[in-house]
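Trainee: You'll find upload-v3.cif just under this line, and it carries mmCIF, C-alpha atoms.
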```cif
data_coords
#
loop_
_atom_site.label_atom_id
_atom_site.label_comp_id
_atom_site.auth_asym_id
_atom_site.auth_seq_id
_atom_site.Cartn_x
_atom_site.Cartn_y
_atom_site.Cartn_z
CA MET A 1206 -21.03 43.45 25.73
CA THR A 1207 -18.27 41.42 24.05
CA LYS A 1208 -18.80 37.69 23.72
CA SER A 1209 -15.90 35.28 23.44
CA LEU A 1210 -15.78 32.16 21.30
CA PRO A 1211 -16.57 28.88 23.02
CA GLN A 1212 -13.75 26.43 23.82
CA GLY A 1213 -15.51 23.80 21.73
CA TYR A 1214 -18.68 23.06 19.80
CA GLY A 1215 -19.40 19.54 21.04
CA GLU A 1216 -18.41 17.91 17.74
CA ASP A 1217 -15.50 15.59 17.07
CA GLY A 1218 -13.23 16.80 14.30
CA ILE A 1219 -9.64 17.37 13.23
CA GLY A 1220 -8.11 19.63 10.62
CA LEU A 1221 -4.72 20.59 9.21
CA LEU A 1222 -3.56 23.91 7.81
CA VAL A 1223 -0.32 24.26 5.89
CA GLN A 1224 1.69 27.23 7.15
CA ASP A 1225 4.63 26.90 4.73
CA PRO A 1226 6.68 24.09 3.12
CA HIS A 1227 8.03 22.97 6.51
CA HIS A 1228 5.16 23.59 8.99
CA ILE A 1229 1.57 22.50 9.55
CA PHE A 1230 -0.94 23.59 12.16
CA ILE A 1231 -3.24 20.88 13.55
CA TYR A 1232 -6.45 21.65 15.41
CA TRP A 1233 -9.05 19.29 16.81
CA GLU A 1234 -11.96 18.73 19.13
CA LEU A 1235 -12.30 15.33 20.76
CA THR A 1236 -15.44 15.25 22.88
CA GLU A 1237 -15.32 13.59 26.27
CA LYS A 1238 -18.10 11.24 25.13
CA THR A 1239 -15.99 9.94 22.23
CA ARG A 1240 -12.88 9.68 24.41
CA GLN A 1241 -14.77 7.72 27.08
CA LYS A 1242 -16.25 5.40 24.44
CA ALA A 1243 -12.77 4.64 23.04
CA LEU A 1244 -11.37 4.02 26.53
CA HIS A 1245 -14.28 1.71 27.34
CA ASN A 1246 -14.06 -0.21 24.02
CA TRP A 1247 -10.37 -0.93 24.58
CA SER A 1248 -10.67 -1.46 28.38
CA LEU A 1249 -8.16 1.33 29.02
CA PRO A 1250 -7.80 3.28 32.29
CA PHE A 1251 -9.56 6.64 32.57
CA ASP A 1252 -6.23 8.50 32.80
CA THR A 1253 -4.83 7.10 29.53
CA PRO A 1254 -3.37 10.11 27.68
CA CYS A 1255 -4.29 11.00 24.11
CA LEU A 1256 -1.56 11.01 21.48
CA LEU A 1257 -1.00 13.03 18.33
CA ARG A 1258 0.49 11.13 15.39
CA VAL A 1259 1.59 12.73 12.11
CA GLN A 1260 2.14 10.56 9.07
CA GLN A 1261 3.74 11.20 5.68
CA GLU A 1262 2.39 9.55 2.54
CA ASP A 1263 4.86 7.36 0.69
CA LYS A 1264 3.85 6.65 -2.92
CA GLN A 1265 4.70 3.13 -4.03
CA GLY A 1266 3.81 2.37 -7.63
CA LYS A 1267 0.05 2.81 -7.99
CA GLY A 1268 -0.51 2.64 -4.24
CA SER A 1269 0.72 4.45 -1.21
CA CYS A 1270 1.34 3.85 2.47
CA TRP A 1271 1.52 6.16 5.48
CA ASN A 1272 4.69 6.33 7.56
CA SER A 1273 4.58 7.77 11.07
CA ILE A 1274 7.08 10.60 11.39
CA TYR A 1275 6.01 12.28 14.63
CA GLN A 1276 4.17 11.30 17.79
CA ALA A 1277 3.55 13.22 21.00
CA GLU A 1278 1.63 12.64 24.22
CA LEU A 1279 -0.91 15.42 24.53
CA PRO A 1280 -1.65 17.44 27.67
CA PRO A 1281 -5.33 16.98 28.67
CA SER A 1282 -6.29 20.53 27.62
CA ALA A 1283 -4.53 20.50 24.21
CA HIS A 1284 -6.61 21.16 21.12
CA ARG A 1285 -4.03 22.55 18.68
CA TRP A 1286 -0.41 21.81 17.75
CA TYR A 1287 2.27 23.06 15.38
CA VAL A 1288 4.55 20.54 13.67
CA SER A 1289 7.78 21.70 12.06
CA GLY A 1290 10.61 20.08 10.15
CA LEU A 1291 8.39 18.68 7.38
CA ARG A 1292 9.58 18.01 3.85
CA PRO A 1293 8.31 20.30 1.08
CA GLY A 1294 6.06 18.77 -1.59
CA LYS A 1295 4.86 15.88 0.60
CA VAL A 1296 1.39 14.86 1.79
CA TYR A 1297 0.78 14.65 5.54
CA ARG A 1298 -2.13 13.63 7.74
CA ALA A 1299 -2.72 13.65 11.49
CA GLN A 1300 -4.50 11.37 13.95
CA ILE A 1301 -5.52 11.72 17.57
CA GLY A 1302 -5.57 8.40 19.37
CA LEU A 1303 -4.61 6.21 22.29
CA HIS A 1304 -2.11 3.43 23.00
CA ASN A 1305 -3.74 0.15 23.89
CA GLY A 1306 -2.17 -2.13 26.50
CA GLN A 1307 0.17 -3.64 23.86
CA GLY A 1308 1.60 -0.29 22.69
CA GLU A 1309 -0.44 -0.18 19.46
CA PHE A 1310 -1.84 3.15 18.33
CA ILE A 1311 -5.66 3.32 18.17
CA ALA A 1312 -6.84 6.20 15.98
CA VAL A 1313 -9.89 8.02 17.35
CA LEU A 1314 -9.82 11.05 15.00
CA GLY A 1315 -8.15 11.23 11.59
CA SER A 1316 -7.61 14.09 9.16
CA LYS A 1317 -7.50 14.21 5.41
CA GLY A 1318 -4.08 14.65 3.87
CA VAL A 1319 -2.60 18.06 3.10
CA LEU A 1320 0.16 18.82 0.62
CA THR A 1321 3.04 21.02 1.72
CA PRO A 1322 4.11 23.30 -1.12
CA PRO A 1323 7.42 22.73 -2.88
CA VAL A 1324 10.28 25.14 -2.34
CA GLN A 1325 10.84 26.93 -5.63
CA PRO A 1326 13.24 29.73 -6.47
CA VAL A 1327 11.65 32.87 -7.90
CA GLY A 1328 12.62 33.41 -11.51
CA PRO A 1329 11.14 34.18 -14.91
CA TRP A 1330 9.52 30.71 -15.04
CA ASN A 1331 7.88 31.19 -11.62
CA THR A 1332 5.86 34.35 -11.16
CA GLY A 1333 5.42 33.69 -7.46
CA ARG A 1334 1.65 33.54 -7.92
CA PRO A 1335 -0.04 31.88 -4.95
CA VAL A 1336 -1.88 28.59 -5.28
CA ALA A 1337 -4.67 27.26 -3.12
CA VAL A 1338 -4.62 23.76 -1.71
CA CYS A 1339 -7.99 22.25 -0.86
CA GLY A 1340 -8.15 18.86 0.86
CA GLY A 1341 -4.44 18.32 0.46
CA ALA A 1342 -4.68 16.69 -2.94
CA GLU A 1343 -3.54 18.94 -5.78
CA PRO A 1344 -2.73 22.66 -6.05
CA ILE A 1345 -5.45 24.68 -7.78
CA GLU A 1346 -4.66 27.92 -9.61
CA LEU A 1347 -6.55 30.80 -8.01
CA GLU A 1348 -8.41 31.75 -11.19
CA ASP A 1349 -9.74 28.15 -11.39
CA LEU A 1350 -11.37 28.28 -7.95
CA PRO A 1351 -15.17 28.31 -7.84
CA PRO A 1352 -16.93 31.37 -6.40
CA ALA A 1353 -16.44 31.66 -2.63
CA GLU A 1354 -20.09 30.85 -1.89
CA SER A 1355 -19.72 27.42 -3.54
CA ILE A 1356 -16.62 26.32 -1.59
CA SER A 1357 -17.61 23.89 1.14
CA SER A 1358 -15.97 23.72 4.53
CA THR A 1359 -14.71 20.17 3.91
CA CYS A 1360 -11.27 21.33 2.79
CA PHE A 1361 -9.49 20.74 6.09
CA TYR A 1362 -12.12 19.11 8.32
CA GLU A 1363 -13.29 15.54 8.64
CA LYS A 1364 -15.64 14.21 11.27
CA SER A 1365 -14.63 11.18 13.28
CA ALA A 1366 -15.51 7.61 12.29
CA GLY A 1367 -19.15 7.14 11.51
CA GLY A 1368 -19.77 10.86 10.96
CA SER A 1369 -20.14 12.78 7.77
CA SER A 1370 -17.93 15.58 6.51
CA ARG A 1371 -19.14 19.12 6.74
#
```
For the file at hand, write its structure as structure tokens.

Mentor:
Amino acid sequence: MTKSLPQGYGEDGIGLLVQDPHHIFIYWELTEKTRQKALHNWSLPFDTPCLLRVQQEDKQGKGSCWNSIYQAELPPSAHRWYVSGLRPGKVYRAQIGLHNGQGEFIAVLGSKGVLTPPVQPVGPWNTGRPVAVCGGAEPIELEDLPPAESISSTCFYEKSAGGSSR
């Protein structure tokens, strides 16, 4: 007998995967319990839709800020989304949230940042060797990666507020 994967695991979480320099794939699970708690805390109606917001990091001196570049109202059954038209070599993060009564975005789930790879021509200076990006911070040469059994699953997953990373 073939068993299918469950629709969810009952844990809040969001992750990003870089597809190429211009596209990311976002996946999440927002439990009904967490959604109801957020609606209750902000006194929002039960039918308030969830929103997806994508932000790009903007480095400013020694600091940085996050600029919203994309926002979409999510259908109730959505749990994954592709975003295209991104700039190569930039860091992006995603949030699932709600609008409060004043139009402000309230983040309920937030991802770590991921780095889209730069677009580079292939030539003698670029062997076309793949790099791995873990956590969206810096590229890591493949030969520098630790053995597979020591790589944790925290690369593209972060639990919601108050939870710990896996």

Trainee: Just so the selection is clear, what residues does the PyMOL selection byres ((chain A and resi 1323) around 8) cover here, as number ranges by chain?

Mentor: A: 1226, 1293-1294, 1321-1322, 1324-1325

Trainee: Between A:Gln1241, A:Gln1260, A:Ser1209, A:Asn1305, which has the minimum distance to A:Gly1318 (counting only C-alpha atoms)?

Mentor: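 So, comparing all the options, the nearest one is A:Gln1260.
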
Trainee: Name the residues captured by the PyMOL selection byres ((chain A and resi 1240) around 12) when it is applied to the shown file; answer as a PyMOL selection string.

Mentor: chain A and resi 1216-1217+1234-1239+1241-1247+1249-1256+1281+1301-1303+1311-1314+1365

Trainee: Store the residues of this selection in a file with C-alpha atoms, as a PDB file, in the frame of the given file.

Mentor:
```pdb
ATOM      1  CA  GLU A1216     -18.410  17.910  17.740  1.00  0.00           C
ATOM      2  CA  ASP A1217     -15.500  15.590  17.070  1.00  0.00           C
ATOM      3  CA  GLU A1234     -11.960  18.730  19.130  1.00  0.00           C
ATOM      4  CA  LEU A1235     -12.300  15.330  20.760  1.00  0.00           C
ATOM      5  CA  THR A1236     -15.440  15.250  22.880  1.00  0.00           C
ATOM      6  CA  GLU A1237     -15.320  13.590  26.270  1.00  0.00           C
ATOM      7  CA  LYS A1238     -18.100  11.240  25.130  1.00  0.00           C
ATOM      8  CA  THR A1239     -15.990   9.940  22.230  1.00  0.00           C
ATOM      9  CA  GLN A1241     -14.770   7.720  27.080  1.00  0.00           C
ATOM     10  CA  LYS A1242     -16.250   5.400  24.440  1.00  0.00           C
ATOM     11  CA  ALA A1243     -12.770   4.640  23.040  1.00  0.00           C
ATOM     12  CA  LEU A1244     -11.370   4.020  26.530  1.00  0.00           C
ATOM     13  CA  HIS A1245     -14.280   1.710  27.340  1.00  0.00           C
ATOM     14  CA  ASN A1246     -14.060  -0.210  24.020  1.00  0.00           C
ATOM     15  CA  TRP A1247     -10.370  -0.930  24.580  1.00  0.00           C
ATOM     16  CA  LEU A1249      -8.160   1.330  29.020  1.00  0.00           C
ATOM     17  CA  PRO A1250      -7.800   3.280  32.290  1.00  0.00           C
ATOM     18  CA  PHE A1251      -9.560   6.640  32.570  1.00  0.00           C
ATOM     19  CA  ASP A1252      -6.230   8.500  32.800  1.00  0.00           C
ATOM     20  CA  THR A1253      -4.830   7.100  29.530  1.00  0.00           C
ATOM     21  CA  PRO A1254      -3.370  10.110  27.680  1.00  0.00           C
ATOM     22  CA  CYS A1255      -4.290  11.000  24.110  1.00  0.00           C
ATOM     23  CA  LEU A1256      -1.560  11.010  21.480  1.00  0.00           C
ATOM     24  CA  PRO A1281      -5.330  16.980  28.670  1.00  0.00           C
ATOM     25  CA  ILE A1301      -5.520  11.720  17.570  1.00  0.00           C
ATOM     26  CA  GLY A1302      -5.570   8.400  19.370  1.00  0.00           C
ATOM     27  CA  LEU A1303      -4.610   6.210  22.290  1.00  0.00           C
ATOM     28  CA  ILE A1311      -5.660   3.320  18.170  1.00  0.00           C
ATOM     29  CA  ALA A1312      -6.840   6.200  15.980  1.00  0.00           C
ATOM     30  CA  VAL A1313      -9.890   8.020  17.350  1.00  0.00           C
ATOM     31  CA  LEU A1314      -9.820  11.050  15.000  1.00  0.00           C
ATOM     32  CA  SER A1365     -14.630  11.180  13.280  1.00  0.00           C
TER      33      SER A1365
END
```

Trainee: Quick one: 3 Å padding each side, axis-aligned, all listed atoms of stretch 1299-1310 of chain A - centre and edge lengths in Å to one decimal, as lines of an AutoDock Vina configuration file?

Mentor:
```
center_x = -2.0
center_y = 5.0
center_z = 19.0
size_x = 13.2
size_y = 23.3
size_z = 21.0
```

Trainee: Using the chain letters and numbers from the file, give me the residues hit by the PyMOL selection byres ((chain A and resi 1223) around 10), as a VMD selection string.

Mentor: chain A and resid 1221 to 1222 1224 to 1231 1287 to 1288 1297 1319 to 1322 1338 1341 1361

Trainee: Could you write out that same residue set with C-alpha atoms as an mmCIF file, in the coordinates of the input?

Mentor:
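Wrote out-v5.cif, looks like this:
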```cif
data_model
loop_
_atom_site.group_PDB
_atom_site.id
_atom_site.type_symbol
_atom_site.label_atom_id
_atom_site.label_comp_id
_atom_site.auth_asym_id
_atom_site.auth_seq_id
_atom_site.Cartn_x
_atom_site.Cartn_y
_atom_site.Cartn_z
ATOM 1 C CA LEU A 1221 -4.720 20.590 9.210
ATOM 2 C CA LEU A 1222 -3.560 23.910 7.810
ATOM 3 C CA GLN A 1224 1.690 27.230 7.150
ATOM 4 C CA ASP A 1225 4.630 26.900 4.730
ATOM 5 C CA PRO A 1226 6.680 24.090 3.120
ATOM 6 C CA HIS A 1227 8.030 22.970 6.510
ATOM 7 C CA HIS A 1228 5.160 23.590 8.990
ATOM 8 C CA ILE A 1229 1.570 22.500 9.550
ATOM 9 C CA PHE A 1230 -0.940 23.590 12.160
ATOM 10 C CA ILE A 1231 -3.240 20.880 13.550
ATOM 11 C CA TYR A 1287 2.270 23.060 15.380
ATOM 12 C CA VAL A 1288 4.550 20.540 13.670
ATOM 13 C CA TYR A 1297 0.780 14.650 5.540
ATOM 14 C CA VAL A 1319 -2.600 18.060 3.100
ATOM 15 C CA LEU A 1320 0.160 18.820 0.620
ATOM 16 C CA THR A 1321 3.040 21.020 1.720
ATOM 17 C CA PRO A 1322 4.110 23.300 -1.120
ATOM 18 C CA VAL A 1338 -4.620 23.760 -1.710
ATOM 19 C CA GLY A 1341 -4.440 18.320 0.460
ATOM 20 C CA PHE A 1361 -9.490 20.740 6.090
#
```
